[in-house]
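Quick look at entry_20.tsv (TSV, C-alpha atoms):
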chain	number	residue	atom	x	y	z
W	1	MET	CA	-53.58	-25.57	-5.06
W	2	VAL	CA	-55.35	-22.36	-4.07
W	3	GLU	CA	-59.15	-22.46	-3.70
W	4	LEU	CA	-61.81	-19.75	-4.00
W	5	ALA	CA	-62.52	-20.13	-0.27
W	6	GLU	CA	-58.93	-19.08	0.50
W	7	LEU	CA	-59.31	-15.95	-1.63
W	8	SER	CA	-62.52	-15.22	0.24
W	9	GLN	CA	-60.74	-15.59	3.60
W	10	LEU	CA	-57.83	-13.43	2.47
W	11	LEU	CA	-60.15	-10.56	1.52
W	12	ARG	CA	-61.92	-10.65	4.88
W	13	ALA	CA	-58.66	-10.94	6.81
W	14	GLY	CA	-57.12	-8.03	4.88
W	15	VAL	CA	-60.04	-5.72	5.66
W	16	LEU	CA	-60.06	-6.67	9.33
W	17	ALA	CA	-56.27	-6.24	9.63
W	18	GLY	CA	-56.44	-2.83	7.90
W	19	LEU	CA	-59.30	-1.70	10.12
W	20	ALA	CA	-57.58	-2.94	13.29
W	21	LEU	CA	-54.38	-1.08	12.39
W	22	MET	CA	-56.30	2.11	11.56
W	23	LEU	CA	-58.17	2.03	14.87
W	24	ALA	CA	-55.00	1.15	16.80
W	25	GLY	CA	-53.16	4.01	15.11
W	26	LEU	CA	-55.93	6.44	15.97
W	27	ALA	CA	-56.08	5.22	19.57
W	28	LEU	CA	-52.31	5.52	19.96
W	29	GLY	CA	-52.14	8.80	18.06
W	30	SER	CA	-49.64	7.24	15.66
W	31	HIS	CA	-49.91	8.61	12.13
W	32	MET	CA	-47.59	5.91	10.80
W	33	VAL	CA	-49.65	2.99	12.16
W	34	THR	CA	-52.84	4.60	10.85
W	35	THR	CA	-51.34	5.08	7.39
W	36	VAL	CA	-50.12	1.46	7.36
W	37	GLY	CA	-53.70	0.46	8.22
W	38	VAL	CA	-55.11	2.49	5.31
W	39	LEU	CA	-52.48	1.01	2.97
W	40	THR	CA	-53.28	-2.53	4.19
W	41	LEU	CA	-56.95	-1.95	3.38
W	42	ILE	CA	-56.17	-0.42	-0.02
W	43	LEU	CA	-53.74	-3.19	-1.00
W	44	THR	CA	-55.98	-6.08	0.12
W	45	PRO	CA	-57.55	-6.47	-3.37
W	46	ALA	CA	-54.02	-6.48	-4.85
W	47	ALA	CA	-53.07	-9.38	-2.58
W	48	GLY	CA	-56.30	-11.03	-3.71
W	49	LEU	CA	-55.11	-10.78	-7.31
W	50	VAL	CA	-52.09	-12.98	-6.47
W	51	TYR	CA	-54.50	-15.63	-5.18
W	52	ALA	CA	-56.77	-15.12	-8.21
W	53	ALA	CA	-53.80	-15.70	-10.53
W	54	LEU	CA	-52.89	-18.92	-8.67
W	55	ILE	CA	-56.50	-20.14	-8.86
W	56	LEU	CA	-56.66	-19.41	-12.58
W	57	LEU	CA	-53.29	-21.10	-13.20
W	58	GLY	CA	-54.75	-24.30	-11.78
W	59	GLU	CA	-57.71	-24.22	-14.19
W	60	ARG	CA	-57.84	-25.55	-17.72
W	61	ASP	CA	-56.87	-22.82	-20.27
W	62	GLY	CA	-56.39	-20.51	-17.32
W	63	ARG	CA	-52.88	-19.22	-18.10
W	64	ILE	CA	-53.99	-16.23	-20.15
W	65	TYR	CA	-56.40	-15.19	-17.39
W	66	ALA	CA	-53.70	-15.64	-14.76
W	67	ALA	CA	-51.54	-13.32	-16.86
W	68	ALA	CA	-54.40	-10.78	-16.91
W	69	ALA	CA	-54.58	-10.95	-13.09
W	70	ILE	CA	-50.82	-10.35	-12.84
W	71	LEU	CA	-51.19	-7.39	-15.22
W	72	ASP	CA	-53.89	-5.94	-12.94
W	73	LEU	CA	-51.57	-6.39	-9.97
W	74	ALA	CA	-48.75	-4.67	-11.88
W	75	LEU	CA	-51.06	-1.73	-12.64
W	76	ILE	CA	-51.90	-1.27	-8.94
W	77	LEU	CA	-48.30	-1.64	-7.78
W	78	GLY	CA	-47.17	0.63	-10.64
W	79	THR	CA	-49.63	3.28	-9.45
W	80	LEU	CA	-48.31	2.91	-5.89
W	81	ALA	CA	-44.69	3.28	-7.06
W	82	TYR	CA	-45.49	6.22	-9.35
W	83	MET	CA	-47.47	8.11	-6.70
W	84	ALA	CA	-44.70	7.52	-4.15
W	85	LEU	CA	-42.08	8.79	-6.59
W	86	ILE	CA	-43.86	12.01	-7.61
W	87	ARG	CA	-44.90	12.82	-4.06
O	1	MET	CA	-62.25	15.55	15.57
O	2	ASP	CA	-64.94	16.04	18.24
O	3	PRO	CA	-67.08	13.08	19.43
O	4	LEU	CA	-70.27	14.49	17.90
O	5	SER	CA	-68.72	14.68	14.42
O	6	SER	CA	-67.38	11.13	14.83
O	7	ILE	CA	-70.82	9.82	15.80
O	8	THR	CA	-72.45	11.68	12.90
O	9	ILE	CA	-69.95	10.21	10.39
O	10	LEU	CA	-70.46	6.73	11.86
O	11	ALA	CA	-74.26	7.13	11.64
O	12	ALA	CA	-74.09	8.41	8.03
O	13	ALA	CA	-71.89	5.47	7.01
O	14	MET	CA	-74.22	3.03	8.77
O	15	PHE	CA	-77.16	4.56	6.91
O	16	ALA	CA	-75.24	4.19	3.62
O	17	GLY	CA	-74.44	0.54	4.36
O	18	PHE	CA	-77.99	-0.18	5.50
O	19	MET	CA	-79.63	1.35	2.41
O	20	GLY	CA	-76.98	-0.13	0.15
O	21	ALA	CA	-77.71	-3.65	1.40
O	22	LEU	CA	-81.47	-3.16	1.15
O	23	LEU	CA	-81.41	-1.79	-2.37
O	24	GLY	CA	-78.43	-3.68	-3.77
O	25	ILE	CA	-76.45	-0.54	-4.53
O	26	GLY	CA	-73.00	0.62	-3.46
O	27	GLY	CA	-72.78	2.96	-0.50
O	28	GLY	CA	-70.95	5.68	-2.46
O	29	SER	CA	-74.02	7.29	-3.97
O	30	ILE	CA	-75.35	7.74	-0.42
O	31	MET	CA	-72.18	8.43	1.54
O	32	VAL	CA	-70.68	11.17	-0.66
O	33	PRO	CA	-73.76	13.47	-0.79
O	34	VAL	CA	-74.56	12.96	2.92
O	35	PHE	CA	-70.94	13.70	3.90
O	36	THR	CA	-70.75	16.72	1.60
O	37	VAL	CA	-74.19	18.35	1.88
O	38	THR	CA	-75.24	17.35	5.41
O	39	LEU	CA	-71.91	17.10	7.27
O	40	GLY	CA	-70.04	19.79	5.31
O	41	ILE	CA	-67.01	17.58	4.54
O	42	ASN	CA	-65.01	18.64	1.46
O	43	VAL	CA	-66.33	16.77	-1.60
O	44	LYS	CA	-62.91	15.37	-2.57
O	45	VAL	CA	-62.31	14.03	0.96
O	46	ALA	CA	-65.83	12.52	0.85
O	47	VAL	CA	-65.11	10.88	-2.52
O	48	ALA	CA	-61.74	9.53	-1.29
O	49	THR	CA	-63.35	8.20	1.91
O	50	SER	CA	-66.18	6.57	-0.01
O	51	LEU	CA	-63.79	4.93	-2.49
O	52	THR	CA	-61.61	3.51	0.30
O	53	ALA	CA	-64.65	2.30	2.28
O	54	LEU	CA	-65.88	0.56	-0.89
O	55	ILE	CA	-62.83	-1.71	-0.72
O	56	ALA	CA	-64.09	-3.00	2.64
O	57	THR	CA	-67.69	-3.52	1.45
O	58	SER	CA	-66.46	-5.17	-1.75
O	59	ALA	CA	-64.19	-7.56	0.16
O	60	ILE	CA	-66.87	-8.52	2.68
O	61	SER	CA	-69.67	-9.05	0.15
O	62	SER	CA	-67.55	-10.69	-2.56
O	63	SER	CA	-66.10	-13.14	-0.03
O	64	VAL	CA	-69.63	-14.58	0.23
O	65	TYR	CA	-70.14	-14.51	-3.56
O	66	LEU	CA	-66.77	-16.23	-4.13
O	67	ARG	CA	-67.74	-19.10	-1.85
O	68	LYS	CA	-70.99	-19.49	-3.77
O	69	ARG	CA	-69.03	-19.46	-7.06
O	70	LEU	CA	-71.10	-16.56	-8.38
O	71	VAL	CA	-68.08	-14.41	-9.29
O	72	ASN	CA	-66.81	-14.81	-12.84
O	73	LEU	CA	-63.11	-14.53	-11.99
O	74	ARG	CA	-61.96	-14.82	-15.61
O	75	LEU	CA	-64.10	-11.96	-16.87
O	76	ALA	CA	-63.30	-9.86	-13.77
O	77	VAL	CA	-59.51	-10.00	-14.23
O	78	VAL	CA	-59.78	-9.24	-17.95
O	79	LEU	CA	-62.05	-6.20	-17.48
O	80	GLU	CA	-60.12	-4.95	-14.47
O	81	GLY	CA	-57.13	-3.92	-16.63
O	82	ALA	CA	-59.25	-1.18	-18.24
O	83	THR	CA	-61.11	-0.39	-15.02
O	84	ILE	CA	-57.95	0.20	-12.93
O	85	VAL	CA	-56.55	2.56	-15.58
O	86	GLY	CA	-59.93	4.36	-15.62
O	87	SER	CA	-60.02	4.60	-11.83
O	88	VAL	CA	-56.50	6.04	-11.58
O	89	THR	CA	-57.29	8.50	-14.40
O	90	GLY	CA	-60.58	9.52	-12.77
O	91	ALA	CA	-59.02	10.02	-9.34
O	92	SER	CA	-56.16	12.07	-10.84
O	93	ILE	CA	-58.65	14.29	-12.69
O	94	ALA	CA	-60.87	14.72	-9.61
O	95	ALA	CA	-57.88	15.67	-7.46
O	96	ALA	CA	-56.87	18.34	-9.98
O	97	ILE	CA	-60.20	20.01	-10.87
O	98	PRO	CA	-62.13	22.47	-8.66
O	99	ASP	CA	-64.58	21.20	-6.03
O	100	TRP	CA	-67.60	22.66	-7.84
O	101	ALA	CA	-66.85	20.55	-10.93
O	102	VAL	CA	-66.80	17.33	-8.86
O	103	GLU	CA	-70.04	18.39	-7.12
O	104	THR	CA	-71.73	19.13	-10.46
O	105	MET	CA	-70.69	15.76	-11.92
O	106	PHE	CA	-71.90	14.00	-8.80
O	107	GLY	CA	-75.25	15.78	-9.07
O	108	ILE	CA	-75.60	14.55	-12.67
O	109	VAL	CA	-74.73	10.95	-11.66
O	110	LEU	CA	-77.29	11.11	-8.83
O	111	PHE	CA	-79.94	12.16	-11.35
O	112	TYR	CA	-78.94	9.18	-13.52
O	113	ALA	CA	-79.19	6.87	-10.46
O	114	PHE	CA	-82.60	8.43	-9.66
O	115	THR	CA	-83.83	7.69	-13.21
O	116	VAL	CA	-82.55	4.09	-13.06
O	117	MET	CA	-84.16	3.60	-9.63
O	118	ILE	CA	-87.55	4.87	-10.85
O	119	TYR	CA	-87.31	2.75	-14.02
O	120	ARG	CA	-86.46	-0.42	-12.06
O	121	THR	CA	-89.28	0.28	-9.60
O	122	LEU	CA	-91.82	0.58	-12.39
O	123	LYS	CA	-90.32	-2.20	-14.50
O	124	PRO	CA	-88.40	-4.79	-12.41
O	125	PRO	CA	-85.79	-6.80	-14.36
O	126	LYS	CA	-86.84	-10.29	-15.42
O	127	ALA	CA	-84.68	-13.31	-14.71
O	128	LYS	CA	-82.54	-13.99	-17.76
O	129	GLU	CA	-82.79	-17.49	-19.19
O	130	THR	CA	-79.42	-18.72	-20.32
O	131	GLY	CA	-78.35	-21.53	-22.54
O	132	GLY	CA	-75.27	-23.71	-22.30
O	133	GLY	CA	-71.98	-21.98	-21.66
O	134	ARG	CA	-68.53	-22.28	-20.17
O	135	PHE	CA	-69.56	-20.89	-16.78
O	136	SER	CA	-72.13	-22.02	-14.26
O	137	TYR	CA	-73.39	-21.49	-10.72
O	138	TYR	CA	-76.10	-22.97	-8.56
O	139	ASP	CA	-79.10	-20.64	-8.21
O	140	ASP	CA	-80.69	-21.08	-4.76
O	141	ALA	CA	-83.95	-19.43	-5.83
O	142	LEU	CA	-84.35	-21.43	-9.07
O	143	ARG	CA	-82.94	-24.59	-7.43
O	144	ARG	CA	-80.91	-25.50	-10.47
O	145	VAL	CA	-77.56	-24.91	-12.11
O	146	VAL	CA	-77.52	-21.87	-14.39
O	147	SER	CA	-74.97	-21.98	-17.19
O	148	TYR	CA	-73.95	-18.97	-19.24
O	149	ASP	CA	-71.18	-17.38	-21.27
O	150	TYR	CA	-70.08	-13.79	-21.73
O	151	ARG	CA	-70.18	-11.85	-24.99
O	152	ASN	CA	-69.11	-8.45	-26.42
O	153	LEU	CA	-65.78	-8.51	-24.57
O	154	PRO	CA	-64.22	-5.56	-26.51
O	155	ALA	CA	-67.27	-3.33	-25.86
O	156	ALA	CA	-67.43	-4.38	-22.20
O	157	THR	CA	-63.70	-3.65	-21.81
O	158	GLY	CA	-64.03	-0.19	-23.39
O	159	LEU	CA	-67.01	0.69	-21.22
O	160	SER	CA	-65.22	-0.65	-18.14
O	161	PHE	CA	-62.63	2.09	-18.57
O	162	PHE	CA	-65.38	4.71	-18.20
O	163	ALA	CA	-66.96	2.79	-15.30
O	164	GLY	CA	-63.57	2.85	-13.55
O	165	MET	CA	-63.21	6.54	-14.32
O	166	ALA	CA	-66.61	7.27	-12.73
O	167	SER	CA	-65.63	5.22	-9.67
O	168	GLY	CA	-62.28	6.95	-9.26
O	169	MET	CA	-63.66	10.41	-9.89
O	170	LEU	CA	-66.84	10.18	-7.80
O	171	GLY	CA	-66.23	7.37	-5.29
O	172	ILE	CA	-69.20	5.34	-6.43
O	173	GLY	CA	-69.40	1.57	-6.72
O	174	GLY	CA	-70.64	-1.04	-9.08
O	175	GLY	CA	-74.39	-0.95	-8.67
O	176	THR	CA	-74.80	2.21	-10.70
O	177	VAL	CA	-72.30	1.65	-13.49
O	178	LYS	CA	-70.67	-1.80	-13.56
O	179	VAL	CA	-73.72	-4.03	-13.15
O	180	PRO	CA	-75.44	-2.64	-16.30
O	181	ILE	CA	-72.23	-3.25	-18.30
O	182	LEU	CA	-71.90	-6.85	-17.11
O	183	ASP	CA	-75.62	-7.57	-17.42
O	184	LEU	CA	-76.62	-5.72	-20.59
O	185	VAL	CA	-73.35	-5.63	-22.58
O	186	ALA	CA	-71.46	-8.76	-21.47
O	187	GLY	CA	-74.69	-10.77	-21.13
O	188	LEU	CA	-74.13	-12.16	-17.63
O	189	PRO	CA	-77.17	-13.31	-15.63
O	190	MET	CA	-78.05	-10.65	-13.02
O	191	LYS	CA	-76.75	-12.65	-10.03
O	192	ALA	CA	-73.40	-13.28	-11.69
O	193	ALA	CA	-73.26	-9.60	-12.80
O	194	VAL	CA	-73.87	-8.32	-9.24
O	195	ALA	CA	-71.34	-10.77	-7.74
O	196	THR	CA	-68.66	-10.08	-10.36
O	197	SER	CA	-69.19	-6.31	-10.05
O	198	SER	CA	-68.94	-6.60	-6.27
O	199	TYR	CA	-65.57	-8.36	-6.56
O	200	MET	CA	-64.29	-5.95	-9.23
O	201	ILE	CA	-65.12	-2.73	-7.38
O	202	GLY	CA	-62.59	-3.45	-4.64
O	203	ILE	CA	-59.76	-3.79	-7.17
O	204	THR	CA	-60.97	-0.69	-9.05
O	205	ALA	CA	-61.19	1.35	-5.84
O	206	SER	CA	-57.70	0.21	-4.86
O	207	GLY	CA	-56.10	2.07	-7.80
O	208	GLY	CA	-58.07	5.29	-7.27
O	209	SER	CA	-57.59	5.25	-3.49
O	210	LEU	CA	-53.80	5.16	-3.89
O	211	VAL	CA	-53.99	8.43	-5.87
O	212	TYR	CA	-56.11	10.07	-3.16
O	213	LEU	CA	-53.86	8.72	-0.38
O	214	PHE	CA	-50.73	10.25	-1.87
O	215	LYS	CA	-52.56	13.52	-2.65
O	216	GLY	CA	-53.35	13.77	1.08
O	217	LEU	CA	-57.11	13.56	0.56
O	218	ILE	CA	-57.70	10.48	2.74
O	219	ASP	CA	-58.45	11.26	6.36
O	220	PRO	CA	-57.79	7.97	8.24
O	221	HIS	CA	-60.13	8.98	11.08
O	222	ILE	CA	-63.07	9.45	8.69
O	223	VAL	CA	-62.13	6.29	6.73
O	224	ALA	CA	-61.99	4.13	9.89
O	225	LEU	CA	-65.40	5.39	11.03
O	226	ALA	CA	-66.86	5.00	7.54
O	227	VAL	CA	-65.58	1.41	7.23
O	228	VAL	CA	-66.95	0.41	10.64
O	229	GLY	CA	-70.27	2.15	9.93
O	230	ILE	CA	-70.76	0.73	6.46
O	231	ILE	CA	-69.95	-2.85	7.56
O	232	VAL	CA	-72.36	-2.68	10.54
O	233	GLY	CA	-75.02	-0.94	8.42
O	234	SER	CA	-74.84	-3.45	5.58
O	235	ARG	CA	-75.16	-6.36	8.06
O	236	LEU	CA	-78.23	-4.73	9.61
O	237	GLY	CA	-79.65	-4.08	6.13
O	238	ALA	CA	-79.13	-7.69	5.10
O	239	ALA	CA	-80.84	-8.85	8.32
O	240	VAL	CA	-84.04	-6.83	7.81
O	241	MET	CA	-84.03	-7.07	4.01
O	242	THR	CA	-86.69	-9.77	3.81
O	243	ARG	CA	-89.10	-7.94	6.13
O	244	LEU	CA	-89.32	-4.70	4.15
O	245	ARG	CA	-91.21	-3.95	0.96
O	246	SER	CA	-88.58	-3.07	-1.61
O	247	ARG	CA	-90.99	-1.10	-3.84
O	248	VAL	CA	-91.85	1.39	-1.09
O	249	LEU	CA	-88.20	1.58	-0.12
O	250	ARG	CA	-87.15	2.29	-3.69
O	251	ILE	CA	-89.63	5.14	-3.97
O	252	ILE	CA	-88.39	6.67	-0.70
O	253	PHE	CA	-84.81	6.29	-1.83
O	254	SER	CA	-85.63	7.88	-5.21
O	255	VAL	CA	-86.79	11.00	-3.36
O	256	PHE	CA	-83.53	10.91	-1.36
O	257	LEU	CA	-81.51	10.72	-4.60
O	258	ALA	CA	-83.47	13.55	-6.26
O	259	TYR	CA	-83.04	15.79	-3.18
O	260	TYR	CA	-79.28	15.25	-2.99
O	261	ALA	CA	-78.90	15.56	-6.78
O	262	VAL	CA	-80.47	19.04	-6.64
O	263	ARG	CA	-78.39	20.02	-3.58
O	264	MET	CA	-75.15	18.84	-5.20
O	265	LEU	CA	-75.95	20.69	-8.43
O	266	MET	CA	-76.77	23.83	-6.45
O	267	ARG	CA	-73.46	23.58	-4.59
O	268	GLY	CA	-71.66	23.09	-7.90
O	269	ALA	CA	-73.42	26.10	-9.45
O	270	ALA	CA	-72.69	28.27	-6.39
O	271	GLY	CA	-69.02	27.26	-6.49
O	272	TRP	CA	-68.75	27.99	-10.20
O	273	TRP	CA	-70.50	31.37	-9.76
O	274	SER	CA	-68.16	32.49	-6.99

Reformat the file's structure so that it appears as structure tokens.
Amino acid sequence: MVELAELSQLLRAGVLAGLALMLAGLALGSHMVTTVGVLTLILTPAAGLVYAALILLGERDGRIYAAAAILDLALILGTLAYMALIR
Amino acid sequence: MDPLSSITILAAAMFAGFMGALLGIGGGSIMVPVFTVTLGINVKVAVATSLTALIATSAISSSVYLRKRLVNLRLAVVLEGATIVGSVTGASIAAAIPDWAVETMFGIVLFYAFTVMIYRTLKPPKAKETGGGRFSYYDDALRRVVSYDYRNLPAATGLSFFAGMASGMLGIGGGTVKVPILDLVAGLPMKAAVATSSYMIGITASGGSLVYLFKGLIDPHIVALAVVGIIVGSRLGAAVMTRLRSRVLRIIFSVFLAYYAVRMLMRGAAGWWS
């Protein structure tokens, strides 16, 4: 069962990983690593939504809210896919 | 980018984080005008940078709020549907319209923030007493469990769309727009409203930032500096928070907001005229 503390840790870890990749990319002069770092930072809240859905699934009457979290995740990933397609 | 510009961006972001932590507002309303007016960075790049940096501040601050069980996860995920759509819409509009239009809108929002800041300085919000409800958290200051419930979900959802649109279009966070919706419309106690807004803004900013990223408006160098600066600044702000008089600080910050509101409106008018 996923706890709120794990969601909290995931958010912090995602930001730190994104920042580390961005700085590493800039130091190495690698545009790809830097972009992966920016994407990691941007998609951290989306990863958090997966955890949020799992937390809500474990709660009483939480299914509908878990579905809402999955819908939010679908909206973010849908935006990512759409923007990548029309680029 | 030359070292001086990098240091200036870092300092501006630190200032935004510092003031944001002291006054309980998002860094966007500070970072965007300072980047645009003082550092001469294009307004859309400044908005995109601010929005992406907000993800970092949201994650760091909401990780604390989540541990304290102040975030209303159920309400957040329900409202976020409308807010993400608003954010993506706002970012798409901002990327398509001229710079002067974004600057003018930002000037208007700064005037709104200035009015709210003055109002709250003169009339601080009172702690809301709540009755029994489905949700609860332990209030350290009151030393008791506060229970509450939300209300007006359809109205809060509708307004959340516009809050998301403002975030996506102008790179601003929750303090200015989302907290009043959660507090005044949805009826959350202020602490729960601030915590829930703080968690939500990261998800909202995620949608808008993707639009800016693919439109080529995110400069990773500026974003990295802004994220480092805003995290360090907000930690410093939180450390000295208790030693400063918030009333004096609010008045000083109101002058800051008014100055940048006028400058942004002037830039917008000059751009429209030419």

Could you give me, as a tab-separated table, a per-residue list for chain W showing, wherever an atom lies at most 6 Å from an atom of chain O, the closest pair of atoms and their distance in Å to one decimal, using all atoms listed in the file and sorting by chain then residue number from low to high?
residue	atom	partner	partner_atom	distance
W:Ala5	CA	O:Arg67	CA	5.6
W:Ser8	CA	O:Ser63	CA	4.1
W:Leu11	CA	O:Ala59	CA	5.2
W:Arg12	CA	O:Ile60	CA	5.8
W:Val15	CA	O:Ala56	CA	5.7
W:Ile42	CA	O:Ser206	CA	5.1
W:Pro45	CA	O:Ile203	CA	5.1
W:Tyr65	CA	O:Arg74	CA	5.8
W:Ala68	CA	O:Val78	CA	5.7
W:Ala69	CA	O:Val77	CA	5.1
W:Asp72	CA	O:Gly81	CA	5.3
W:Ile76	CA	O:Gly207	CA	5.5

Quick one, how far is CA of Ser234 (chain O) from CA of Met19 (chain O)?
7.5 Å

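Across the model, the gap from CA of Ile181 (chain O) to CA of Asn152 (chain O) is 10.1 Å.
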
The distance between CA of Pro98 (chain O) and CA of Ala166 (chain O) is 16.4 Å

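Non-sequential neighbours of region 249-263 of chain O (distance at most 9 Å, separation of 6 or more positions within a chain, only C-alpha atoms) are O:Met19, O:Leu22, O:Leu23, O:Ser29, O:Ile30, O:Pro33, O:Val34, O:Val37, O:Thr104, O:Phe106, O:Gly107, O:Ile108, O:Val109, O:Leu110, O:Phe111, O:Ala113, O:Phe114, O:Thr115, O:Met117, O:Ile118, O:Arg120, O:Thr121.
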
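Distances to Thr40 (chain W) were evaluated for W:Ile55, W:Ala27, W:Ile64, W:Leu10 using only C-alpha atoms, and the minimum falls at W:Leu10.
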
Minimum-distance residue to Met169 (chain O), chosen among O:Gly86, O:Gly271, O:Gly237, O:Gly27 (using all atoms listed in the file):
O:Gly86

Restricting the calculation to only C-alpha atoms: of O:Gly229, O:Gly40, O:Pro3, O:Gly20, which residue gets closest to Met264 (chain O)?
O:Gly40

Which of these residues is nearest to Leu188 (chain O), using all atoms listed in the file: O:Ala141, O:Val146, O:Met165, O:Ala48?
O:Val146

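Residues near the point (-61.5, -20.0, -13.8), at a distance of 10 Å or less over all atoms listed in the file, make up Leu4, Ala52, Ala53, Ile55, Leu56, Leu57, Gly58, Glu59, Arg60, Asp61, Gly62, Arg63, Tyr65 and Ala66 of chain W; Val71, Asn72, Leu73, Arg74, Leu75, Arg134 and Phe135 of chain O.
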
With N, CA, C and O atoms retained, output region 188-202 of chain O as a tab-separated table (two decimals), in the first residue's frame.
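The result, stored in out38.tsv:
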chain	number	residue	atom	x	y	z
O	188	LEU	N	-12.47	25.61	2.09
O	188	LEU	CA	-11.41	24.94	2.85
O	188	LEU	C	-10.81	25.90	3.88
O	188	LEU	O	-10.71	27.10	3.62
O	189	PRO	N	-10.40	25.41	5.05
O	189	PRO	CA	-9.66	26.27	5.97
O	189	PRO	C	-8.37	26.75	5.27
O	189	PRO	O	-7.85	26.03	4.42
O	190	MET	N	-7.87	27.92	5.65
O	190	MET	CA	-6.76	28.54	4.93
O	190	MET	C	-5.54	27.62	4.81
O	190	MET	O	-4.94	27.52	3.74
O	191	LYS	N	-5.20	26.91	5.89
O	191	LYS	CA	-4.01	26.05	5.83
O	191	LYS	C	-4.18	24.93	4.81
O	191	LYS	O	-3.26	24.62	4.07
O	192	ALA	N	-5.37	24.34	4.80
O	192	ALA	CA	-5.63	23.27	3.82
O	192	ALA	C	-5.67	23.85	2.41
O	192	ALA	O	-5.22	23.20	1.45
O	193	ALA	N	-6.20	25.08	2.27
O	193	ALA	CA	-6.27	25.73	0.94
O	193	ALA	C	-4.86	25.99	0.40
O	193	ALA	O	-4.58	25.71	-0.77
O	194	VAL	N	-3.98	26.52	1.25
O	194	VAL	CA	-2.60	26.82	0.82
O	194	VAL	C	-1.87	25.52	0.45
O	194	VAL	O	-1.21	25.44	-0.59
O	195	ALA	N	-2.03	24.49	1.29
O	195	ALA	CA	-1.34	23.21	1.04
O	195	ALA	C	-1.87	22.54	-0.22
O	195	ALA	O	-1.08	22.05	-1.05
O	196	THR	N	-3.19	22.53	-0.39
O	196	THR	CA	-3.78	21.88	-1.57
O	196	THR	C	-3.39	22.64	-2.84
O	196	THR	O	-3.04	22.04	-3.86
O	197	SER	N	-3.42	23.98	-2.76
O	197	SER	CA	-3.02	24.81	-3.90
O	197	SER	C	-1.56	24.55	-4.26
O	197	SER	O	-1.20	24.45	-5.43
O	198	SER	N	-0.72	24.43	-3.23
O	198	SER	CA	0.70	24.19	-3.44
O	198	SER	C	0.94	22.87	-4.18
O	198	SER	O	1.79	22.78	-5.06
O	199	TYR	N	0.17	21.84	-3.81
O	199	TYR	CA	0.30	20.54	-4.49
O	199	TYR	C	-0.22	20.64	-5.93
O	199	TYR	O	0.38	20.14	-6.87
O	200	MET	N	-1.37	21.33	-6.08
O	200	MET	CA	-2.01	21.41	-7.40
O	200	MET	C	-1.18	22.16	-8.43
O	200	MET	O	-1.16	21.80	-9.61
O	201	ILE	N	-0.48	23.22	-8.00
O	201	ILE	CA	0.20	24.08	-8.97
O	201	ILE	C	1.26	23.34	-9.77
O	201	ILE	O	1.47	23.62	-10.95
O	202	GLY	N	1.89	22.34	-9.15
O	202	GLY	CA	2.90	21.56	-9.86
O	202	GLY	C	2.29	20.79	-11.02
O	202	GLY	O	2.85	20.75	-12.13
